[in-house]
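Student: This is coords.csv, which holds CSV, C-alpha atoms and all ligand atoms:
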chain,number,residue,atom,x,y,z
A,27,MET,CA,22.9,-3.0,115.5
A,28,THR,CA,22.9,0.5,116.8
A,29,GLU,CA,22.7,2.9,113.9
A,30,SER,CA,25.9,4.9,113.3
A,31,THR,CA,25.9,8.7,112.8
A,32,THR,CA,26.9,8.1,109.2
A,33,MET,CA,23.9,5.8,108.6
A,34,THR,CA,21.6,8.4,110.2
A,35,ASN,CA,23.0,11.1,108.0
A,36,TRP,CA,22.4,9.1,104.9
A,37,ARG,CA,18.9,8.0,106.1
A,38,SER,CA,17.6,11.5,106.7
A,39,ASN,CA,19.9,14.3,105.3
A,40,LYS,CA,17.8,15.4,102.3
A,41,PRO,CA,20.4,17.8,100.8
A,42,LEU,CA,23.2,15.1,101.1
A,43,VAL,CA,20.9,12.5,99.4
A,44,ALA,CA,19.9,14.8,96.6
A,45,ALA,CA,23.4,16.1,96.0
A,46,TRP,CA,24.9,12.6,95.8
A,47,ASP,CA,22.2,11.1,93.7
A,48,ARG,CA,22.1,14.0,91.2
A,49,GLY,CA,25.9,14.1,91.0
A,50,VAL,CA,26.4,10.4,90.5
A,51,LYS,CA,23.8,10.4,87.7
A,52,SER,CA,25.3,13.4,85.9
A,53,TRP,CA,28.3,12.4,83.7
A,54,PRO,CA,30.1,15.8,83.9
A,55,VAL,CA,29.6,16.2,87.6
A,56,ALA,CA,30.7,12.7,88.4
A,57,MET,CA,33.8,13.0,86.2
A,58,VAL,CA,34.9,16.3,87.8
A,59,TYR,CA,34.0,15.2,91.4
A,60,GLY,CA,35.8,11.8,90.8
A,61,ALA,CA,38.9,13.4,89.5
A,62,VAL,CA,39.2,16.2,92.0
A,63,VAL,CA,38.1,14.4,95.2
A,64,PHE,CA,39.2,10.8,94.6
A,65,GLY,CA,41.7,11.1,91.8
A,66,THR,CA,39.7,8.6,89.8
A,67,ASP,CA,38.3,8.2,86.3
A,68,ASN,CA,34.6,7.6,86.7
A,69,ARG,CA,34.3,6.3,83.2
A,70,ILE,CA,35.4,3.1,84.8
A,71,MET,CA,32.5,3.2,87.2
A,72,TYR,CA,29.9,3.7,84.5
A,73,ALA,CA,31.5,1.0,82.3
A,74,ASP,CA,31.5,-1.4,85.3
A,75,MET,CA,27.8,-0.6,86.1
A,76,ASP,CA,26.8,-0.9,82.4
A,77,SER,CA,28.1,-4.4,82.3
A,78,LEU,CA,25.0,-5.4,84.2
A,79,ALA,CA,23.2,-5.2,80.9
A,80,GLU,CA,24.9,-8.5,79.9
A,81,LEU,CA,23.1,-10.5,82.6
A,82,PRO,CA,20.6,-13.0,81.2
A,83,PRO,CA,16.8,-12.6,81.8
A,84,GLY,CA,15.8,-14.3,85.1
A,85,THR,CA,18.9,-13.2,86.9
A,86,ALA,CA,18.2,-12.0,90.5
A,87,VAL,CA,20.2,-8.9,91.3
A,88,LEU,CA,20.6,-7.3,94.7
A,89,ASP,CA,21.9,-3.7,94.5
A,90,VAL,CA,23.0,-2.7,98.1
A,91,PRO,CA,23.4,0.0,99.0
A,92,SER,CA,21.5,1.2,95.9
A,93,GLY,CA,21.4,4.9,96.6
A,94,GLY,CA,19.0,6.5,94.2
A,95,GLY,CA,19.4,3.7,91.6
A,96,VAL,CA,22.2,4.9,89.4
A,97,LEU,CA,22.7,1.3,88.4
A,98,LEU,CA,19.3,1.4,86.6
A,99,ARG,CA,21.2,3.1,83.8
A,100,ALA,CA,22.2,-0.4,82.7
A,101,LEU,CA,18.7,-1.7,82.3
A,102,ARG,CA,16.2,-1.4,79.5
A,103,PRO,CA,12.4,-1.9,79.5
A,104,GLY,CA,11.7,-5.7,79.3
A,105,HIS,CA,15.2,-6.5,80.8
A,106,GLY,CA,13.7,-9.6,82.5
A,107,LEU,CA,15.9,-9.3,85.7
A,108,ARG,CA,14.6,-9.4,89.2
A,109,TYR,CA,16.3,-6.2,90.5
A,110,VAL,CA,16.1,-5.4,94.2
A,111,ALA,CA,17.4,-2.0,95.4
A,112,GLY,CA,18.3,-2.1,99.1
A,113,ASP,CA,19.2,1.0,101.1
A,114,ILE,CA,18.9,2.3,104.6
A,115,SER,CA,17.5,5.6,103.3
A,116,PRO,CA,13.8,5.9,102.3
A,117,LEU,CA,14.8,9.1,100.5
A,118,MET,CA,17.1,7.2,98.3
A,119,LEU,CA,14.6,4.4,97.7
A,120,ALA,CA,12.0,7.0,96.6
A,121,ARG,CA,14.5,8.1,94.0
A,122,VAL,CA,15.0,4.6,92.8
A,123,ARG,CA,11.2,4.3,92.2
A,124,ALA,CA,11.2,7.6,90.4
A,125,GLU,CA,14.2,6.5,88.3
A,126,ALA,CA,12.5,3.2,87.4
A,127,ALA,CA,9.3,5.0,86.4
A,128,ARG,CA,11.3,7.5,84.3
A,129,ARG,CA,13.1,4.7,82.5
A,130,ARG,CA,9.8,2.7,82.2
A,131,LEU,CA,11.4,-0.3,84.0
A,132,ASP,CA,9.4,-3.0,85.6
A,133,GLY,CA,10.8,-5.8,87.8
A,134,VAL,CA,12.3,-3.2,90.2
A,135,GLU,CA,11.7,-3.7,93.9
A,136,THR,CA,12.8,-1.4,96.7
A,137,ARG,CA,13.6,-2.5,100.3
A,138,GLU,CA,14.7,-0.5,103.3
A,139,VAL,CA,17.6,-2.6,104.6
A,140,ASP,CA,20.7,-2.4,106.8
A,141,ALA,CA,23.6,-3.9,104.8
A,142,GLY,CA,24.8,-5.4,108.0
A,143,ALA,CA,21.7,-7.5,108.5
A,144,LEU,CA,20.1,-8.2,105.1
A,145,PRO,CA,16.4,-9.3,105.3
A,146,PHE,CA,16.8,-11.9,102.5
A,147,ALA,CA,17.0,-15.7,102.4
A,148,ASP,CA,20.3,-17.6,102.1
A,149,GLY,CA,21.2,-17.9,98.4
A,150,GLU,CA,18.3,-15.7,97.2
A,151,PHE,CA,20.4,-13.7,94.6
A,152,ASP,CA,22.6,-14.6,91.6
A,153,VAL,CA,24.4,-11.3,91.7
A,154,VAL,CA,25.1,-8.7,94.5
A,155,ALA,CA,26.2,-5.3,93.3
A,156,SER,CA,27.6,-2.9,95.8
A,157,TYR,CA,28.9,0.4,94.4
A,158,SER,CA,30.3,3.2,96.5
A,159,GLY,CA,28.7,1.9,99.7
A,160,LEU,CA,30.9,-0.3,101.9
A,161,HIS,CA,32.8,2.8,103.1
A,162,CYS,CA,29.5,4.2,104.5
A,163,VAL,CA,28.7,1.3,106.8
A,164,PRO,CA,30.1,0.8,110.3
A,165,ASP,CA,31.1,-2.8,109.9
A,166,PRO,CA,32.0,-3.5,106.2
A,167,ALA,CA,33.2,-7.1,106.9
A,168,THR,CA,29.8,-8.0,108.3
A,169,ALA,CA,28.1,-6.4,105.3
A,170,VAL,CA,30.3,-8.4,102.9
A,171,ALA,CA,29.5,-11.6,104.9
A,172,GLU,CA,25.8,-10.8,104.5
A,173,MET,CA,26.3,-10.3,100.7
A,174,PHE,CA,28.0,-13.8,100.7
A,175,ARG,CA,25.1,-15.3,102.6
A,176,VAL,CA,22.3,-14.0,100.3
A,177,LEU,CA,24.2,-15.1,97.1
A,178,ARG,CA,23.6,-18.5,95.7
A,179,PRO,CA,26.7,-20.8,95.4
A,180,GLY,CA,28.4,-19.7,92.2
A,181,GLY,CA,26.9,-16.2,92.4
A,182,GLY,CA,28.9,-13.1,91.9
A,183,LEU,CA,29.8,-10.0,93.9
A,184,ARG,CA,30.8,-6.8,92.1
A,185,GLY,CA,31.2,-3.2,93.1
A,186,SER,CA,33.5,-0.4,94.2
A,187,VAL,CA,34.7,1.2,97.4
A,188,VAL,CA,36.8,4.1,98.6
A,189,VAL,CA,40.3,3.2,99.8
A,190,THR,CA,43.1,5.1,101.5
A,191,GLY,CA,46.6,5.6,100.1
A,192,ALA,CA,46.1,7.1,96.7
A,193,GLY,CA,47.7,10.4,97.6
A,194,ARG,CA,47.7,13.3,100.1
A,195,ARG,CA,44.8,15.2,98.5
A,196,GLU,CA,42.6,12.1,98.2
A,197,ASP,CA,43.3,11.0,101.8
A,198,ALA,CA,42.6,14.6,103.1
A,199,PHE,CA,39.1,14.4,101.4
A,200,ILE,CA,38.5,11.0,103.0
A,201,ARG,CA,39.2,12.5,106.4
A,202,LEU,CA,37.0,15.5,105.7
A,203,TRP,CA,34.1,13.3,104.6
A,204,GLN,CA,34.6,11.0,107.6
A,205,ALA,CA,34.4,14.1,109.9
A,206,ARG,CA,31.2,15.1,108.1
A,207,HIS,CA,29.7,11.5,108.6
A,208,ILE,CA,29.5,10.9,104.8
A,209,LEU,CA,32.2,8.2,104.9
A,210,ASP,CA,32.7,5.7,107.8
A,211,VAL,CA,35.4,3.0,107.7
A,212,VAL,CA,38.0,3.4,104.9
A,213,VAL,CA,40.9,1.0,104.6
A,214,PRO,CA,43.8,0.4,102.1
A,215,PRO,CA,43.1,-1.9,99.1
A,216,SER,CA,44.5,-4.9,101.0
A,217,GLY,CA,41.8,-4.4,103.6
A,218,VAL,CA,39.1,-4.6,101.0
A,219,VAL,CA,40.5,-7.9,99.8
A,220,ASP,CA,40.6,-9.1,103.4
A,221,TRP,CA,36.8,-8.3,103.8
A,222,ILE,CA,35.9,-10.2,100.6
A,223,ALA,CA,38.2,-13.2,101.0
A,224,GLY,CA,37.4,-13.3,104.7
A,225,ALA,CA,33.7,-13.7,104.0
A,226,GLY,CA,34.5,-16.8,101.9
A,227,PHE,CA,34.6,-15.4,98.4
A,228,THR,CA,37.0,-16.8,95.9
A,229,GLY,CA,38.4,-15.5,92.6
A,230,VAL,CA,38.8,-12.0,94.1
A,231,ARG,CA,39.8,-9.5,91.4
A,232,THR,CA,40.4,-5.8,92.1
A,233,ARG,CA,41.2,-2.8,89.9
A,234,ARG,CA,42.2,0.5,91.3
A,235,SER,CA,41.7,4.0,90.0
A,236,GLY,CA,42.8,6.7,92.4
A,237,SER,CA,41.1,6.1,95.7
A,238,ILE,CA,38.5,3.8,94.2
A,239,VAL,CA,38.9,0.0,94.1
A,240,TYR,CA,36.6,-2.0,91.9
A,241,PHE,CA,36.1,-5.6,92.9
A,242,ARG,CA,34.7,-8.9,91.6
A,243,ALA,CA,34.4,-12.2,93.4
A,244,THR,CA,32.5,-15.4,93.4
A,245,ARG,CA,30.7,-17.4,96.1
A,246,PRO,CA,32.2,-20.9,95.6
A,247,THR,CA,29.9,-23.6,94.6
A,248,ALA,CA,30.9,-25.7,97.5
A,249,GLY,CA,31.2,-24.3,101.0
A,301,LIG,C1,27.6,7.1,98.5
A,301,LIG,S1,26.0,6.4,98.4
A,301,LIG,C2,26.2,5.2,97.1
A,301,LIG,C3,24.9,4.6,96.6
A,301,LIG,C4,24.9,4.0,95.2
A,301,LIG,N1,25.4,2.6,95.2
A,301,LIG,C5,25.5,4.9,94.2
A,301,LIG,O1,26.5,4.4,93.6
A,301,LIG,O2,25.0,6.0,94.0
A,301,LIG,C6,26.0,5.3,99.8
A,301,LIG,C7,24.6,4.8,100.2
A,301,LIG,O3,24.8,3.9,101.3
A,301,LIG,C8,23.6,4.0,102.0
A,301,LIG,N2,23.8,3.4,103.4
A,301,LIG,C9,24.6,3.9,104.4
A,301,LIG,N3,24.7,3.0,105.4
A,301,LIG,C10,23.9,1.9,105.0
A,301,LIG,C11,23.6,0.7,105.7
A,301,LIG,N4,24.1,0.4,106.9
A,301,LIG,N5,22.8,-0.2,105.0
A,301,LIG,C12,22.3,0.1,103.8
A,301,LIG,N6,22.6,1.3,103.1
A,301,LIG,C13,23.4,2.2,103.7
A,301,LIG,C14,23.2,5.4,102.0
A,301,LIG,O4,21.8,5.6,102.3
A,301,LIG,C15,23.6,5.8,100.6
A,301,LIG,O5,22.5,5.6,99.7
Would it be possible to restate this file's structure as structure tokens?
Tutor:
Amino acid sequence: MTESTTMTNWRSNKPLVAAWDRGVKSWPVAMVYGAVVFGTDNRIMYADMDSLAELPPGTAVLDVPSGGGVLLRALRPGHGLRYVAGDISPLMLARVRAEAARRRLDGVETREVDAGALPFADGEFDVVASYSGLHCVPDPATAVAEMFRVLRPGGGLRGSVVVTGAGRREDAFIRLWQARHILDVVVPPSGVVDWIAGAGFTGVRTRRSGSIVYFRATRPTAG
């Protein structure tokens, strides 16, 4: 696929990468940014991410797009997971490696990937986590279909995405970030359910906070 301007921006814009990654890893910054820009309570984001700690050792997790590895906050040394961080941006992946070293985590792999064409085998993962990322890719439905493909039957998808319709201020920020090639495709909550159910997932559950929708779904064991 031809790389979109938004993908190129995330791949190579060092100030953007640093600002996002520092901000999302800072509780006070994330709380204020979330409330002002997206009308959301980012305590929900951290709680949702932290639930990864409940996964049993041996679970294979793909985090895509991983950004700088904010999800590593859920892991402890000796966690026993296979954790693969996939992102289009080598700058972000360098941050994942630094974060893993800082937290003394092993079992952390990094891969430069396009979410729309994942370089993994069918059914390779038990869990795919995708926080704050589907709104950055040019074809989210294809990205979700790829997440479905690399999950084993019975495996779970979880994550979050920006949606339209929370309010005038929130929608104005979405348009601003789209104009600056930070966000790409943003749809209303029903559109997110369409992407996920359209890929073949079942048991789709969503929870909305401002202009963020959290989702969970399962790849059915048959089909
Ligand atoms: C807003 S950040 C969120 C990252 C991370 N999940 C987090 O919560 O901090 C969006 C990420 O999407 C990545 N990205 C953009 N387009 C992508 C694509 N087509 N494939 C993989 N990653 C992509 C960017 O490099 C960036 O790290």
Student: May I ask which of the residues A:Gly191, A:Gly182, A:Pro83, A:Gly112 is the closest one to ligand LIG 301 (chain A), counting only C-alpha atoms and all ligand atoms?
Tutor: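 Using only C-alpha atoms and all ligand atoms, the shortest distance to ligand LIG 301 (chain A) belongs to A:Gly112.
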Student: CA of Gly149 in chain A to CA of Asp47 in chain A: how many Å, to one decimal?
Tutor: 29.4 Å
Student: Would you mind listing, for every residue of chain A within 7 Å of ligand LIG 301 (chain A), the two atoms forming the shortest contact and the distance between them in Å to one decimal, using all atoms listed in the file, sorted by chain and ascending residue number, as CSV?
Tutor:
residue,atom,partner,partner_atom,distance
A:Thr32,CA,A:LIG301,N3,6.7
A:Met33,CA,A:LIG301,N3,4.3
A:Trp36,CA,A:LIG301,O4,4.4
A:Arg37,CA,A:LIG301,O4,5.3
A:Trp46,CA,A:LIG301,C1,6.7
A:Asp47,CA,A:LIG301,O2,5.8
A:Val50,CA,A:LIG301,O2,5.8
A:Val90,CA,A:LIG301,C12,6.4
A:Pro91,CA,A:LIG301,N6,4.4
A:Ser92,CA,A:LIG301,N1,4.2
A:Gly93,CA,A:LIG301,O5,3.4
A:Gly94,CA,A:LIG301,O2,6.0
A:Gly95,CA,A:LIG301,O2,6.5
A:Val96,CA,A:LIG301,O2,5.5
A:Gly112,CA,A:LIG301,C12,6.6
A:Asp113,CA,A:LIG301,N6,4.0
A:Ile114,CA,A:LIG301,N6,4.1
A:Ser115,CA,A:LIG301,O4,4.4
A:Met118,CA,A:LIG301,O5,5.8
A:Val139,CA,A:LIG301,C12,5.5
A:Asp140,CA,A:LIG301,N5,3.5
A:Ala141,CA,A:LIG301,N5,3.8
A:Gly142,CA,A:LIG301,N4,5.9
A:Ser156,CA,A:LIG301,N1,6.0
A:Tyr157,CA,A:LIG301,N1,4.2
A:Ser158,CA,A:LIG301,C2,4.6
A:Gly159,CA,A:LIG301,C6,4.3
A:Cys162,CA,A:LIG301,C9,4.9
A:Val163,CA,A:LIG301,N3,4.6
A:Pro164,CA,A:LIG301,N4,6.9
Student: Work out how far apart CA of Val230 in chain A and CA of Pro82 in chain A are and give it in Å to one decimal.
Tutor: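 Calculated distance between CA of Val230 in chain A and CA of Pro82 in chain A is 22.3 Å.
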Student: Would you list the contacts of Val63 in chain A as a ChimeraX atom specification, taking every protein, DNA or RNA residue within 12 Å and counting all atoms listed in the file, but skipping same-chain residues closer than 5 positions in sequence?
Tutor: /A:55-58,68,188,192-203,236-238
Student: Which residues are near range 104-111 of chain A? Cut-off 7 Å, all atoms listed in the file, ignore same chain within fewer than 2 positions. Put them as a list in words.
Tutor: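 Surrounding residues, per the criterion: Pro83, Gly84, Thr85, Ala86, Val87, Leu88, Asp89, Val90, Ser92, Leu101, Arg102, Asp113, Gly133, Val134, Glu135, Thr136 and Arg137 of chain A.
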Student: Name the closest residue to Gly181 in chain A among the candidates A:Leu160, A:Ala243, A:Ala147, A:Ile208; distances are taken between atoms, counting all atoms listed in the file.
Tutor: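 Looking at the shortest contact to Gly181 in chain A, the residue is A:Ala243.
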Student: Quick check, in Å to one decimal: how far apart do CA of Tyr72 in chain A and CA of Pro145 in chain A lie?
Tutor: 28.0 Å
